[in-house]
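One file, upload23.pdb, is given below (PDB, C-alpha atoms).
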```pdb
ATOM      1  CA  MET A   1     -25.205   7.820  -9.819  1.00  0.00           C
ATOM      2  CA  GLY A   2     -22.929  10.299  -8.071  1.00  0.00           C
ATOM      3  CA  ARG A   3     -20.562   7.628  -6.841  1.00  0.00           C
ATOM      4  CA  GLU A   4     -16.854   7.862  -7.603  1.00  0.00           C
ATOM      5  CA  VAL A   5     -14.430   5.021  -8.264  1.00  0.00           C
ATOM      6  CA  CYS A   6     -11.493   4.933  -5.847  1.00  0.00           C
ATOM      7  CA  PRO A   7      -8.408   6.122  -7.789  1.00  0.00           C
ATOM      8  CA  ILE A   8      -6.163   4.037  -5.515  1.00  0.00           C
ATOM      9  CA  THR A   9      -6.785   1.468  -2.809  1.00  0.00           C
ATOM     10  CA  GLN A  10      -4.751   0.001   0.009  1.00  0.00           C
ATOM     11  CA  ARG A  11      -5.009  -3.508   1.370  1.00  0.00           C
ATOM     12  CA  VAL A  12      -6.205  -4.409   4.863  1.00  0.00           C
ATOM     13  CA  ILE A  13      -6.272  -7.907   6.340  1.00  0.00           C
ATOM     14  CA  LEU A  14      -8.783  -8.255   9.164  1.00  0.00           C
ATOM     15  CA  ILE A  15      -8.695 -11.335  11.387  1.00  0.00           C
ATOM     16  CA  SER A  16     -11.833 -11.988  13.431  1.00  0.00           C
ATOM     17  CA  PRO A  17     -13.205 -15.276  14.810  1.00  0.00           C
ATOM     18  CA  PHE A  18     -16.702 -13.858  14.214  1.00  0.00           C
ATOM     19  CA  PRO A  19     -16.631 -11.732  11.033  1.00  0.00           C
ATOM     20  CA  SER A  20     -20.348 -10.915  11.340  1.00  0.00           C
ATOM     21  CA  ASP A  21     -19.486  -8.872  14.444  1.00  0.00           C
ATOM     22  CA  VAL A  22     -17.324  -6.499  12.418  1.00  0.00           C
ATOM     23  CA  HIS A  23     -19.286  -6.278   9.168  1.00  0.00           C
ATOM     24  CA  GLU A  24     -19.940  -2.549   9.698  1.00  0.00           C
ATOM     25  CA  LEU A  25     -16.202  -1.929  10.050  1.00  0.00           C
ATOM     26  CA  VAL A  26     -15.558  -3.877   6.848  1.00  0.00           C
ATOM     27  CA  ARG A  27     -18.201  -1.793   5.079  1.00  0.00           C
ATOM     28  CA  ASP A  28     -16.677   1.476   6.325  1.00  0.00           C
ATOM     29  CA  LEU A  29     -13.192   0.409   5.230  1.00  0.00           C
ATOM     30  CA  SER A  30     -14.467  -0.606   1.794  1.00  0.00           C
ATOM     31  CA  GLU A  31     -16.237   2.733   1.372  1.00  0.00           C
ATOM     32  CA  GLY A  32     -13.013   4.423   2.483  1.00  0.00           C
ATOM     33  CA  CYS A  33     -11.127   2.932  -0.492  1.00  0.00           C
ATOM     34  CA  PHE A  34      -9.551  -0.034   1.313  1.00  0.00           C
ATOM     35  CA  ASP A  35      -9.506  -3.562  -0.114  1.00  0.00           C
ATOM     36  CA  VAL A  36     -10.449  -5.728   2.874  1.00  0.00           C
ATOM     37  CA  LEU A  37      -9.622  -9.420   3.235  1.00  0.00           C
ATOM     38  CA  VAL A  38     -11.297 -11.115   6.209  1.00  0.00           C
ATOM     39  CA  PHE A  39     -10.068 -14.342   7.820  1.00  0.00           C
ATOM     40  CA  HIS A  40     -11.373 -16.337  10.778  1.00  0.00           C
ATOM     41  CA  HIS A  41      -7.941 -17.515  11.925  1.00  0.00           C
ATOM     42  CA  TRP A  42      -4.440 -16.055  11.817  1.00  0.00           C
ATOM     43  CA  GLU A  43      -2.140 -18.567  10.172  1.00  0.00           C
ATOM     44  CA  GLN A  44       1.483 -18.159   9.263  1.00  0.00           C
ATOM     45  CA  GLY A  45       0.703 -19.234   5.726  1.00  0.00           C
ATOM     46  CA  ILE A  46      -1.644 -16.284   5.192  1.00  0.00           C
ATOM     47  CA  ARG A  47       1.033 -13.790   6.162  1.00  0.00           C
ATOM     48  CA  ASN A  48       3.620 -15.468   3.951  1.00  0.00           C
ATOM     49  CA  ALA A  49       1.291 -15.581   0.962  1.00  0.00           C
ATOM     50  CA  MET A  50      -0.037 -12.027   1.009  1.00  0.00           C
ATOM     51  CA  THR A  51       1.103  -8.499   1.442  1.00  0.00           C
ATOM     52  CA  ALA A  52      -0.916  -5.929   3.327  1.00  0.00           C
ATOM     53  CA  ASP A  53      -0.713  -2.287   4.276  1.00  0.00           C
ATOM     54  CA  LEU A  54      -2.381  -2.907   7.648  1.00  0.00           C
ATOM     55  CA  LEU A  55      -3.306  -5.870   9.841  1.00  0.00           C
ATOM     56  CA  ILE A  56      -6.403  -5.550  12.045  1.00  0.00           C
ATOM     57  CA  PHE A  57      -6.960  -8.060  14.843  1.00  0.00           C
ATOM     58  CA  ASP A  58     -10.416  -8.351  16.408  1.00  0.00           C
ATOM     59  CA  LEU A  59      -9.909  -9.365  20.045  1.00  0.00           C
ATOM     60  CA  THR A  60     -13.334  -8.340  21.314  1.00  0.00           C
ATOM     61  CA  SER A  61     -14.730 -11.869  21.498  1.00  0.00           C
ATOM     62  CA  TYR A  62     -12.088 -13.235  23.884  1.00  0.00           C
ATOM     63  CA  LYS A  63     -13.362 -14.055  27.342  1.00  0.00           C
ATOM     64  CA  GLU A  64     -11.965 -12.519  30.513  1.00  0.00           C
ATOM     65  CA  GLY A  65      -8.696 -14.177  31.395  1.00  0.00           C
ATOM     66  CA  GLU A  66      -7.927 -15.032  27.782  1.00  0.00           C
ATOM     67  CA  GLU A  67      -7.365 -11.442  26.662  1.00  0.00           C
ATOM     68  CA  SER A  68      -3.823 -10.789  27.826  1.00  0.00           C
ATOM     69  CA  ALA A  69      -2.460 -14.046  26.422  1.00  0.00           C
ATOM     70  CA  ALA A  70      -4.325 -13.521  23.153  1.00  0.00           C
ATOM     71  CA  ILE A  71      -3.043  -9.985  22.671  1.00  0.00           C
ATOM     72  CA  ARG A  72       0.512 -10.920  23.562  1.00  0.00           C
ATOM     73  CA  SER A  73       0.355 -13.760  21.046  1.00  0.00           C
ATOM     74  CA  VAL A  74      -0.771 -11.301  18.359  1.00  0.00           C
ATOM     75  CA  VAL A  75       1.968  -8.805  19.218  1.00  0.00           C
ATOM     76  CA  GLN A  76       4.642 -11.510  19.164  1.00  0.00           C
ATOM     77  CA  GLN A  77       3.499 -12.787  15.756  1.00  0.00           C
ATOM     78  CA  GLU A  78       3.114  -9.323  14.283  1.00  0.00           C
ATOM     79  CA  SER A  79       5.208  -8.752  11.186  1.00  0.00           C
ATOM     80  CA  GLY A  80       7.894  -6.162  11.840  1.00  0.00           C
ATOM     81  CA  ASP A  81       7.240  -4.159   8.656  1.00  0.00           C
ATOM     82  CA  ILE A  82       3.427  -4.266   8.603  1.00  0.00           C
ATOM     83  CA  PRO A  83       1.594  -1.983  11.058  1.00  0.00           C
ATOM     84  CA  SER A  84      -1.297  -3.388  13.063  1.00  0.00           C
ATOM     85  CA  LEU A  85      -4.427  -2.235  14.853  1.00  0.00           C
ATOM     86  CA  LEU A  86      -6.010  -4.150  17.742  1.00  0.00           C
ATOM     87  CA  LEU A  87      -9.786  -4.020  18.234  1.00  0.00           C
ATOM     88  CA  ILE A  88     -10.683  -4.330  21.915  1.00  0.00           C
ATOM     89  CA  LYS A  89     -13.558  -3.758  24.365  1.00  0.00           C
ATOM     90  CA  GLU A  90     -13.483  -0.917  26.873  1.00  0.00           C
ATOM     91  CA  SER A  91     -13.527  -3.439  29.723  1.00  0.00           C
ATOM     92  CA  MET A  92     -10.153  -4.760  28.540  1.00  0.00           C
ATOM     93  CA  LEU A  93      -8.329  -1.443  29.008  1.00  0.00           C
ATOM     94  CA  SER A  94      -7.844  -1.789  32.766  1.00  0.00           C
ATOM     95  CA  ARG A  95      -6.114  -5.131  32.301  1.00  0.00           C
ATOM     96  CA  LEU A  96      -3.572  -4.073  29.689  1.00  0.00           C
ATOM     97  CA  ASP A  97      -0.001  -3.433  30.795  1.00  0.00           C
ATOM     98  CA  GLN A  98       1.970  -0.433  29.532  1.00  0.00           C
ATOM     99  CA  GLY A  99       3.588  -2.417  26.730  1.00  0.00           C
ATOM    100  CA  LEU A 100       0.231  -3.330  25.254  1.00  0.00           C
ATOM    101  CA  MET A 101      -1.173   0.149  25.869  1.00  0.00           C
ATOM    102  CA  ASN A 102       1.543   1.388  23.510  1.00  0.00           C
ATOM    103  CA  GLN A 103       0.053  -0.667  20.684  1.00  0.00           C
ATOM    104  CA  GLU A 104      -2.440   0.886  18.262  1.00  0.00           C
ATOM    105  CA  LEU A 105      -5.832   0.204  19.874  1.00  0.00           C
ATOM    106  CA  LEU A 106      -9.392   0.945  18.802  1.00  0.00           C
ATOM    107  CA  VAL A 107     -12.087   0.518  21.435  1.00  0.00           C
ATOM    108  CA  LEU A 108     -15.389  -0.817  20.096  1.00  0.00           C
ATOM    109  CA  PRO A 109     -18.031   0.342  19.563  1.00  0.00           C
ATOM    110  CA  ALA A 110     -16.398   3.269  17.769  1.00  0.00           C
ATOM    111  CA  ARG A 111     -17.753   6.324  15.978  1.00  0.00           C
ATOM    112  CA  PRO A 112     -18.880   5.854  12.361  1.00  0.00           C
ATOM    113  CA  MET A 113     -15.885   5.775   9.984  1.00  0.00           C
ATOM    114  CA  GLU A 114     -13.449   6.035  12.927  1.00  0.00           C
ATOM    115  CA  ILE A 115     -11.677   2.892  11.731  1.00  0.00           C
ATOM    116  CA  VAL A 116     -11.074   4.537   8.331  1.00  0.00           C
ATOM    117  CA  TYR A 117      -9.421   7.572   9.905  1.00  0.00           C
ATOM    118  CA  ARG A 118      -7.318   5.359  12.158  1.00  0.00           C
ATOM    119  CA  ALA A 119      -6.277   3.071   9.303  1.00  0.00           C
ATOM    120  CA  GLN A 120      -5.259   6.036   7.135  1.00  0.00           C
ATOM    121  CA  ARG A 121      -3.236   7.600   9.954  1.00  0.00           C
ATOM    122  CA  ILE A 122      -1.447   4.349  10.848  1.00  0.00           C
ATOM    123  CA  ILE A 123      -0.505   3.592   7.239  1.00  0.00           C
ATOM    124  CA  GLN A 124       0.668   7.152   6.577  1.00  0.00           C
ATOM    125  CA  SER A 125       2.765   7.190   9.745  1.00  0.00           C
ATOM    126  CA  SER A 126       4.495   4.004   8.620  1.00  0.00           C
ATOM    127  CA  GLY A 127       5.367   5.504   5.232  1.00  0.00           C
ATOM    128  CA  ALA A 128       8.967   4.252   5.375  1.00  0.00           C
ATOM    129  CA  ARG A 129       7.841   0.694   4.701  1.00  0.00           C
ATOM    130  CA  LYS A 130       7.062  -0.700   1.289  1.00  0.00           C
ATOM    131  CA  VAL A 131       3.378  -0.288   0.481  1.00  0.00           C
ATOM    132  CA  ALA A 132       1.528  -3.298  -0.854  1.00  0.00           C
ATOM    133  CA  THR A 133       1.090  -2.653  -4.561  1.00  0.00           C
ATOM    134  CA  ARG A 134      -0.763  -4.149  -7.440  1.00  0.00           C
ATOM    135  CA  LEU A 135       0.628  -3.931 -10.948  1.00  0.00           C
ATOM    136  CA  LEU A 136      -2.060  -4.921 -13.414  1.00  0.00           C
ATOM    137  CA  PRO A 137      -0.832  -5.766 -16.934  1.00  0.00           C
ATOM    138  CA  GLY A 138      -2.246  -4.899 -20.325  1.00  0.00           C
ATOM    139  CA  SER A 139      -4.785  -2.132 -20.654  1.00  0.00           C
ATOM    140  CA  SER A 140      -5.838  -2.258 -17.000  1.00  0.00           C
ATOM    141  CA  PRO A 141      -4.826   0.464 -14.535  1.00  0.00           C
ATOM    142  CA  ALA A 142      -1.464  -0.060 -12.881  1.00  0.00           C
ATOM    143  CA  ILE A 143      -0.814   0.699  -9.220  1.00  0.00           C
ATOM    144  CA  PHE A 144       2.696   1.145  -7.880  1.00  0.00           C
ATOM    145  CA  LYS A 145       3.007   2.310  -4.281  1.00  0.00           C
ATOM    146  CA  ASP A 146       0.904   5.499  -4.186  1.00  0.00           C
ATOM    147  CA  LEU A 147       0.874   6.015  -7.957  1.00  0.00           C
ATOM    148  CA  TRP A 148      -2.198   5.103 -10.019  1.00  0.00           C
ATOM    149  CA  ILE A 149      -1.669   4.863 -13.784  1.00  0.00           C
ATOM    150  CA  ASP A 150      -4.643   5.010 -16.128  1.00  0.00           C
ATOM    151  CA  ARG A 151      -3.327   3.386 -19.299  1.00  0.00           C
ATOM    152  CA  LYS A 152      -6.329   4.313 -21.402  1.00  0.00           C
ATOM    153  CA  LYS A 153      -5.920   8.018 -20.655  1.00  0.00           C
ATOM    154  CA  MET A 154      -2.110   7.849 -20.380  1.00  0.00           C
ATOM    155  CA  ALA A 155      -2.464   9.644 -17.040  1.00  0.00           C
ATOM    156  CA  VAL A 156      -0.651   9.246 -13.720  1.00  0.00           C
ATOM    157  CA  TYR A 157      -2.243  10.151 -10.388  1.00  0.00           C
ATOM    158  CA  ARG A 158      -1.128  10.386  -6.776  1.00  0.00           C
ATOM    159  CA  ASN A 159      -3.687  10.899  -4.001  1.00  0.00           C
ATOM    160  CA  GLY A 160      -6.283  11.710  -6.660  1.00  0.00           C
ATOM    161  CA  ALA A 161      -4.215  14.512  -8.230  1.00  0.00           C
ATOM    162  CA  GLN A 162      -2.849  14.103 -11.743  1.00  0.00           C
ATOM    163  CA  ILE A 163       0.903  14.394 -12.310  1.00  0.00           C
ATOM    164  CA  GLU A 164       1.541  16.091 -15.641  1.00  0.00           C
ATOM    165  CA  LEU A 165       4.020  13.987 -17.625  1.00  0.00           C
ATOM    166  CA  THR A 166       5.213  14.288 -21.206  1.00  0.00           C
ATOM    167  CA  LYS A 167       4.564  11.372 -23.541  1.00  0.00           C
ATOM    168  CA  THR A 168       8.214  10.309 -23.253  1.00  0.00           C
ATOM    169  CA  GLU A 169       8.210  10.465 -19.438  1.00  0.00           C
ATOM    170  CA  TYR A 170       4.994   8.450 -19.334  1.00  0.00           C
ATOM    171  CA  GLU A 171       6.389   5.788 -21.672  1.00  0.00           C
ATOM    172  CA  LEU A 172       9.567   5.492 -19.595  1.00  0.00           C
ATOM    173  CA  LEU A 173       7.495   4.928 -16.463  1.00  0.00           C
ATOM    174  CA  ILE A 174       5.330   2.320 -18.214  1.00  0.00           C
ATOM    175  CA  LYS A 175       8.387   0.411 -19.486  1.00  0.00           C
ATOM    176  CA  LEU A 176       9.783   0.240 -15.958  1.00  0.00           C
ATOM    177  CA  LEU A 177       6.410  -0.858 -14.556  1.00  0.00           C
ATOM    178  CA  GLU A 178       6.101  -3.608 -17.162  1.00  0.00           C
ATOM    179  CA  GLN A 179       9.539  -4.880 -16.170  1.00  0.00           C
ATOM    180  CA  GLU A 180       8.200  -5.397 -12.589  1.00  0.00           C
ATOM    181  CA  GLY A 181      11.447  -4.554 -10.838  1.00  0.00           C
ATOM    182  CA  GLY A 182      13.800  -5.903 -13.472  1.00  0.00           C
ATOM    183  CA  VAL A 183      16.620  -3.744 -14.775  1.00  0.00           C
ATOM    184  CA  LEU A 184      16.341  -1.974 -18.117  1.00  0.00           C
ATOM    185  CA  SER A 185      19.579  -0.735 -19.627  1.00  0.00           C
ATOM    186  CA  ARG A 186      19.810   2.725 -21.166  1.00  0.00           C
ATOM    187  CA  GLU A 187      20.185   1.080 -24.575  1.00  0.00           C
ATOM    188  CA  GLU A 188      17.015  -0.968 -24.055  1.00  0.00           C
ATOM    189  CA  LEU A 189      15.080   2.125 -23.020  1.00  0.00           C
ATOM    190  CA  LEU A 190      16.406   3.978 -26.061  1.00  0.00           C
ATOM    191  CA  ALA A 191      15.236   1.200 -28.369  1.00  0.00           C
ATOM    192  CA  GLU A 192      11.817   0.804 -26.727  1.00  0.00           C
ATOM    193  CA  VAL A 193      10.889   4.450 -26.170  1.00  0.00           C
ATOM    194  CA  TRP A 194      12.728   6.325 -28.919  1.00  0.00           C
ATOM    195  CA  GLY A 195      13.081   3.525 -31.466  1.00  0.00           C
ATOM    196  CA  THR A 196      16.212   2.008 -32.933  1.00  0.00           C
ATOM    197  CA  SER A 197      16.544   4.847 -35.434  1.00  0.00           C
ATOM    198  CA  PHE A 198      17.192   7.401 -32.666  1.00  0.00           C
ATOM    199  CA  LEU A 199      20.720   8.766 -33.169  1.00  0.00           C
ATOM    200  CA  GLY A 200      21.275  10.513 -29.852  1.00  0.00           C
ATOM    201  CA  GLY A 201      23.456   9.170 -27.057  1.00  0.00           C
ATOM    202  CA  SER A 202      22.110   7.189 -24.128  1.00  0.00           C
ATOM    203  CA  ASN A 203      22.469  10.260 -21.899  1.00  0.00           C
ATOM    204  CA  VAL A 204      19.111  11.398 -23.275  1.00  0.00           C
ATOM    205  CA  VAL A 205      17.591   8.647 -21.108  1.00  0.00           C
ATOM    206  CA  ASP A 206      19.251  10.118 -18.027  1.00  0.00           C
ATOM    207  CA  VAL A 207      17.887  13.573 -18.860  1.00  0.00           C
ATOM    208  CA  HIS A 208      14.307  12.328 -19.142  1.00  0.00           C
ATOM    209  CA  ILE A 209      14.576  10.079 -16.081  1.00  0.00           C
ATOM    210  CA  LYS A 210      15.784  13.093 -14.102  1.00  0.00           C
ATOM    211  CA  SER A 211      12.772  15.094 -15.290  1.00  0.00           C
ATOM    212  CA  LEU A 212      10.417  12.193 -14.513  1.00  0.00           C
ATOM    213  CA  ARG A 213      11.845  11.850 -11.013  1.00  0.00           C
ATOM    214  CA  LYS A 214      11.427  15.561 -10.374  1.00  0.00           C
ATOM    215  CA  LYS A 215       7.747  15.448 -11.316  1.00  0.00           C
ATOM    216  CA  LEU A 216       7.203  12.388  -9.125  1.00  0.00           C
ATOM    217  CA  GLY A 217       8.991  14.059  -6.219  1.00  0.00           C
ATOM    218  CA  ASP A 218      11.630  11.331  -6.372  1.00  0.00           C
ATOM    219  CA  ARG A 219      15.413  11.508  -6.053  1.00  0.00           C
ATOM    220  CA  ALA A 220      18.383   9.496  -7.259  1.00  0.00           C
ATOM    221  CA  ALA A 221      19.582   8.628  -3.734  1.00  0.00           C
ATOM    222  CA  ASN A 222      17.179   6.529  -1.637  1.00  0.00           C
ATOM    223  CA  SER A 223      14.674   6.475  -4.481  1.00  0.00           C
ATOM    224  CA  THR A 224      10.997   5.887  -3.854  1.00  0.00           C
ATOM    225  CA  TYR A 225       9.981   5.077  -7.430  1.00  0.00           C
ATOM    226  CA  ILE A 226      12.955   4.756  -9.813  1.00  0.00           C
ATOM    227  CA  ALA A 227      16.291   3.320  -8.751  1.00  0.00           C
ATOM    228  CA  THR A 228      19.542   3.749 -10.663  1.00  0.00           C
ATOM    229  CA  VAL A 229      21.587   0.631 -11.398  1.00  0.00           C
ATOM    230  CA  ARG A 230      25.054   2.093 -11.674  1.00  0.00           C
ATOM    231  CA  GLY A 231      26.699   1.526 -15.053  1.00  0.00           C
ATOM    232  CA  VAL A 232      23.616  -0.221 -16.468  1.00  0.00           C
ATOM    233  CA  GLY A 233      20.290   1.606 -16.328  1.00  0.00           C
ATOM    234  CA  TYR A 234      17.174   1.811 -14.207  1.00  0.00           C
ATOM    235  CA  ARG A 235      14.547  -0.267 -12.397  1.00  0.00           C
ATOM    236  CA  LEU A 236      11.595   0.238 -10.055  1.00  0.00           C
ATOM    237  CA  ALA A 237      12.690   1.064  -6.519  1.00  0.00           C
ATOM    238  CA  ASP A 238      12.020  -1.455  -3.750  1.00  0.00           C
TER     239      ASP A 238
END
```

The structure in this file should be written as structure tokens.
Amino acid sequence: MGREVCPITQRVILISPFPSDVHELVRDLSEGCFDVLVFHHWEQGIRNAMTADLLIFDLTSYKEGEESAAIRSVVQQESGDIPSLLLIKESMLSRLDQGLMNQELLVLPARPMEIVYRAQRIIQSSGARKVATRLLPGSSPAIFKDLWIDRKKMAVYRNGAQIELTKTEYELLIKLLEQEGGVLSREELLAEVWGTSFLGGSNVVDVHIKSLRKKLGDRAANSTYIATVRGVGYRLAD
């Protein structure tokens, strides 16, 4: 009782050779509305198979003399478009060179929920990259970037706040979500949203897309949510 369901979550991959050592951090992240995947070993296959909003590397268990090589290995492997956070011990700080000191570091033990604040700040500061998203079909909620769509209530939220859309704007967004990045022509959108009996021209789609973009805080150039395919129609933005 009194608990609230997270309206939107972001994905964190945490790599630790001893996951039991970081179970409190995993708990804090989970309570902070992060989906946390924990692995013992960092393998190339994991990175290729999954998307994440943040990578967290636990380096606290490395023995003296192993630390520098271990951290450098992590930094070299780090994916260029996924931010990372390195968990270290205070005793390691004096042995880090300036290049490694410029990495995002969290010294353990940390204050309660400190990892949540750090994770939120790192992800927000890397907002230019594509956020890991989950698009759930059918009647389930859909998540696209920072939008959370409650299909049962026909409601769209961002950061917990509802975005007021008309029924037509909502249906346009849903059709694009269901296409999962594929292009929908203006004629297809007319048929699916307005019905084949609609007699207006296809420019009515453009008018409603423009209104939808405005409410989402989006724009035609460098779109965040809805991209224009010139001469054809629209699709979800990358």

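The space separating CA of Val107 (chain A) from CA of Glu90 (chain A) comes to 5.8 Å.
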
Residues selected by the PyMOL selection byres ((chain A and resi 35-38) around 9), written as a ChimeraX atom specification: /A:9-16,19,26-27,29-30,33-34,39-40

How would the residues just chosen look if you wrote them out with C-alpha atoms as a compact mmCIF listing (two decimals), keeping the file's coordinate frame?
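Result saved to part.txt:
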```txt
# COMPACT_ATOMS: atom_id res chain seq x y z
CA THR A 9 -6.78 1.47 -2.81
CA GLN A 10 -4.75 0.00 0.01
CA ARG A 11 -5.01 -3.51 1.37
CA VAL A 12 -6.20 -4.41 4.86
CA ILE A 13 -6.27 -7.91 6.34
CA LEU A 14 -8.78 -8.26 9.16
CA ILE A 15 -8.70 -11.34 11.39
CA SER A 16 -11.83 -11.99 13.43
CA PRO A 19 -16.63 -11.73 11.03
CA VAL A 26 -15.56 -3.88 6.85
CA ARG A 27 -18.20 -1.79 5.08
CA LEU A 29 -13.19 0.41 5.23
CA SER A 30 -14.47 -0.61 1.79
CA CYS A 33 -11.13 2.93 -0.49
CA PHE A 34 -9.55 -0.03 1.31
CA PHE A 39 -10.07 -14.34 7.82
CA HIS A 40 -11.37 -16.34 10.78
```

Neighbour residues at most 9 Å from (-0.1, 6.3, -13.3) (all atoms listed in the file) as number ranges by chain: A: 141-144, 147-151, 154-158, 162-163, 170, 173-174

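Between CA of Leu54 (chain A) and CA of Ala119 (chain A) the interatomic distance comes to 7.3 Å.
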
Hits from the PyMOL selection byres ((chain A and resi 60) around 9), listed as a VMD selection string: chain A and resid 16 58 to 59 61 to 63 67 87 to 89 92 107 to 108

Keeping C-alpha atoms for every residue in the selection just given, could you write it to a file as a compact mmCIF listing (two decimals), in the frame of the given file?
```txt
# COMPACT_ATOMS: atom_id res chain seq x y z
CA SER A 16 -11.83 -11.99 13.43
CA ASP A 58 -10.42 -8.35 16.41
CA LEU A 59 -9.91 -9.36 20.05
CA SER A 61 -14.73 -11.87 21.50
CA TYR A 62 -12.09 -13.24 23.88
CA LYS A 63 -13.36 -14.06 27.34
CA GLU A 67 -7.36 -11.44 26.66
CA LEU A 87 -9.79 -4.02 18.23
CA ILE A 88 -10.68 -4.33 21.92
CA LYS A 89 -13.56 -3.76 24.36
CA MET A 92 -10.15 -4.76 28.54
CA VAL A 107 -12.09 0.52 21.44
CA LEU A 108 -15.39 -0.82 20.10
```

Residues in the PyMOL selection byres ((chain A and resi 210-215) around 12), expressed as a PyMOL selection string: chain A and resi 156-158+162-174+203-209+216-221+223-228+234+236-237

Pairwise distance for CA of Ile8 (chain A) and CA of Pro112 (chain A), rounded to one decimal in Å: 22.0 Å

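Of the residues under consideration (A:Pro83, A:Gly231, A:Gly181, A:Gly195), A:Pro83 shows the shortest atom-to-atom contact distance to Glu104 (chain A) when counting only C-alpha atoms.
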
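Residue nearest Leu106 (chain A) within the list A:Leu176, A:Val193, A:Ile122, A:Val229: A:Ile122 [criterion: smallest interatomic distance, only C-alpha atoms].
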
Residue with smallest distance to Phe57 (chain A) - pool A:Glu31, A:Pro17, A:His41, A:Leu85, counting all atoms listed in the file: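 When distances to Phe57 (chain A) are compared using all atoms listed in the file, the smallest one comes from A:Leu85.
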